[in-house]
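**Q** Mind having a look at this structure? Questions to follow.
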Amino acid sequence: MSNHQSQRRARPRVKLPLWAAILIGSVATILVLVIVGLTGSWLFNTVREAVASLNSADTDFNPSLTDGGDSITGLSDPLVSSDGPGGQEGPVLSAEMFQPWSGTERVNILLLGIDLRCDEEGPTHTDSMMVVTVDPVGMSAAALSLPRDMWVEIPGFGVNRINQAFFQGDAYDYPGGGAALAVETVEATLGVPIDYYLAVNFEGFIEFVDLIGGISVEAKEEIDDPDYPDSCYGYDPFYIDEGIHELDGAMALKYARTRATAGSDIDRAARQQEVVMAVRDQVLRLNMIPRLLAQAPQLWRSFQKNVDTNMGLEETIQLALLAQDIPRDKIRTMVIDYSYVYNEQTPDGQMVLVPNRERIRGLRDQLFAPPAIPTPVIENLPELAREENARVHVQNGTSAVGLAASTQEYLVPFGINVVEIGNAEGTLPSTQIVDYGSHLNTTRYIAELLKVPPLNITYSTRPPAGDYDVLVILGNDQTVTPTPEFESP
């Protein structure tokens with residue numbers, strides 16, 4: 001692991017009180033609240049009426065309605081009082097928490113499915129990654145799935161499959177753990193900020209789908225997977241024929257996880273979005289909020305065991321109220337499929353999906369507002385780049401005569417070893433950087449100097465066409481005299 005990691009402050013991991021799990025007891029509930037949205041008055045009244053009907057003698061859930069019904073106060077909760085001596089009084093669920101979301105900035109949430117088996121406690125990988133985005137001004141929402149085998153840079157750790165970010169964050173005690181590194185990796189890959197994350201493991205998914213009575217899906221093709229993995233590194237064959245099926249939690253998980261189709265990981269990402277929407281349809285069709293309330297103790301136990309998030313209760317409620325007016329036809333679901341990635345084999349034999357960065361940028365711009373591009377903060381980056389002493393070839397991909405030469409003159413005083421300049425074949429709209437090997441500090445430093453976004457950096461496993469390590473192809477976004485935010489030494 002590189003010791004030059006981003007030092008972003010780790011986001012707090014929130015443990016919610018029992019009644020909070022009523023609304024966000026599982027990943028499916030989060031998706032219902034965020035993607036679909038529920039009317040504020042209906043949600044509040046349903047919660048109030050259902051809680052009033054619960055048995056107050058239940059030692060795991062003992063709320064009381066204050067006079068006027070404007071707040072719900074959870075009394076001493078044995079499931080959360082163990083942190084302090086003598087128990088503690090639960091927080092207050094007030095009417096003020098049901099105010100609409102007041103922000104105007106886009107809200108992005110990273111959903112992570114965790115591949116945890118055999119009661120493991122050590123580092124593990126993400127089995128699925130999905131970014132949910134809500135636009136409070138344009139009143140639209142979208143979900144974008146990222147294939148687990150996409151070959152990306154993991155900040156501070158080099159290039160790898162994107163599903164390795166969570167593992168490496170936990171394995172190497174990254175600040176904030178695996179979730180924090182997964183967040184930073186997705187931010188660097190897409191060039192969009194992630195506001196919240198939510199991670200759920202297989203058991204939590206199965207429990208919630210069973211709790212709502214299963215889901216209905218329509219399989220687009222026959223799926224026969226004799227090698228589907230069980231929960232403990234064995235096999236649990238899965239088969240489903242084409243058509244409509246009612247699935248319980250275990251079968252829904254298999255349907256969402258299997259890769260036994262021609263599209264493999266890409267098809268799986270699409271099925272995961274189908275499962276999400278099926279959960280949404282089941283909950284809304286059966287008006288299940290009162291039923292979920294009645295199962296609050298079970299939800300809370302499952303939540304504490306299976307879910308990790310940095311989203312608070314008030315934020316969840318207000319995001320739900322924000323989403324309430326978003327029409328279904330303004331909710332988009334997209335997958336980074338083979339229109340945006342291509343198959344490649346790494347030198348050590350791994351089969352990975354290499355992103356087509358220009359096309360992904362176009363997809364990103366369709367789904368997200370123009371982003372503030374995140375870049376890792378590395379204080380000694382110039383020194384680290386000089387230590388690599390990578391040989392750099394600068395090509396002019398514009399019609400501006402002499403741009404490669406003037407860029408060489410500009411980069412050399414910063415310690416960039418420009419060994420060759422020339423003209424590219426054709427013109428490019430934006431500058432591209434290709435790293436033939438592992439020269440992460442050099443490419444990142446050049447990107448900062450020339451203001452090149454992260455998605456314009458490619459890491460190639462093929463040998464270069466000449467005696468150089470890094471290729472910079474200048475596009476029409478460059479000027480004759482670059483103007484970085486700092487001066488040369």
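Identifiers in the structure tokens: chain A, B, ... in order shown; residue index from 1 per chain; ligand index from 1 in order shown.
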Can you list, as number ranges by chain, every protein, DNA or RNA residue that comes within 10 Å of region 232-248 of chain A when you count only C-alpha atoms, leaving out same-chain residues fewer than 6 positions away?
**A** A: 116-120, 206-226, 254-255, 258, 260
**Q** I'd like the neighbourhood of Thr427 (chain A) as a list in words, where a residue qualifies if any of its atoms comes within 7 Å (using only C-alpha atoms), though same-chain residues fewer than 6 positions away should be ignored.
**A** Gly397, Thr398 and Gly475 of chain A
**Q** Residues of region 416-458 of chain A that have any atom at most 12 Å from an atom of region 172-193 of chain A: could you tabulate them with the shortest-distance atom pair and the distance in Å to one decimal, using only C-alpha atoms, ordered by chain and increasing number, as a tab-separated table?
**A**
```
residue	atom	partner	partner_atom	distance
A:Arg444	CA	A:Ala188	CA	11.6
A:Val452	CA	A:Gly191	CA	11.4
A:Pro453	CA	A:Gly191	CA	7.6
A:Pro454	CA	A:Ala188	CA	6.2
A:Leu455	CA	A:Thr189	CA	6.2
A:Asn456	CA	A:Thr189	CA	9.9
A:Ile457	CA	A:Thr189	CA	9.9
A:Thr458	CA	A:Thr189	CA	11.1
```
**Q** Extract, using only C-alpha atoms, all DNA, RNA and protein residues at most 12 Å from Ala424 (chain A), discarding same-chain residues fewer than 3 positions from it, and format them as a ChimeraX atom specification.
**A** /A:393-400,403-404,421,427-428,431-432,471-475
**Q** Restrict the selected residues to C-alpha atoms and save them as a short mmCIF file (atom, residue, chain, number, x, y, z; two decimals), in the first residue's frame.
**A**
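Once written, part_18.cif looks like this:
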```cif
data_model
loop_
_atom_site.label_atom_id
_atom_site.label_comp_id
_atom_site.auth_asym_id
_atom_site.auth_seq_id
_atom_site.Cartn_x
_atom_site.Cartn_y
_atom_site.Cartn_z
CA HIS A 393 6.15 12.12 -24.52
CA VAL A 394 3.97 15.16 -25.33
CA GLN A 395 1.92 15.15 -28.54
CA ASN A 396 -0.05 18.05 -30.01
CA GLY A 397 -3.61 16.94 -30.71
CA THR A 398 -4.80 20.41 -31.74
CA SER A 399 -4.42 22.78 -34.67
CA ALA A 400 -2.37 25.21 -32.55
CA LEU A 403 1.65 23.73 -28.53
CA ALA A 404 3.68 20.60 -27.72
CA ILE A 421 7.45 15.95 -28.44
CA THR A 427 -7.37 16.35 -33.04
CA LEU A 428 -8.83 15.71 -29.61
CA THR A 431 -6.30 16.31 -23.19
CA GLN A 432 -5.57 12.63 -22.55
CA LEU A 471 2.05 9.85 -23.14
CA VAL A 472 0.33 13.25 -22.98
CA ILE A 473 -1.90 14.08 -25.96
CA LEU A 474 -2.90 17.73 -25.82
CA GLY A 475 -6.51 18.51 -26.69
#
```
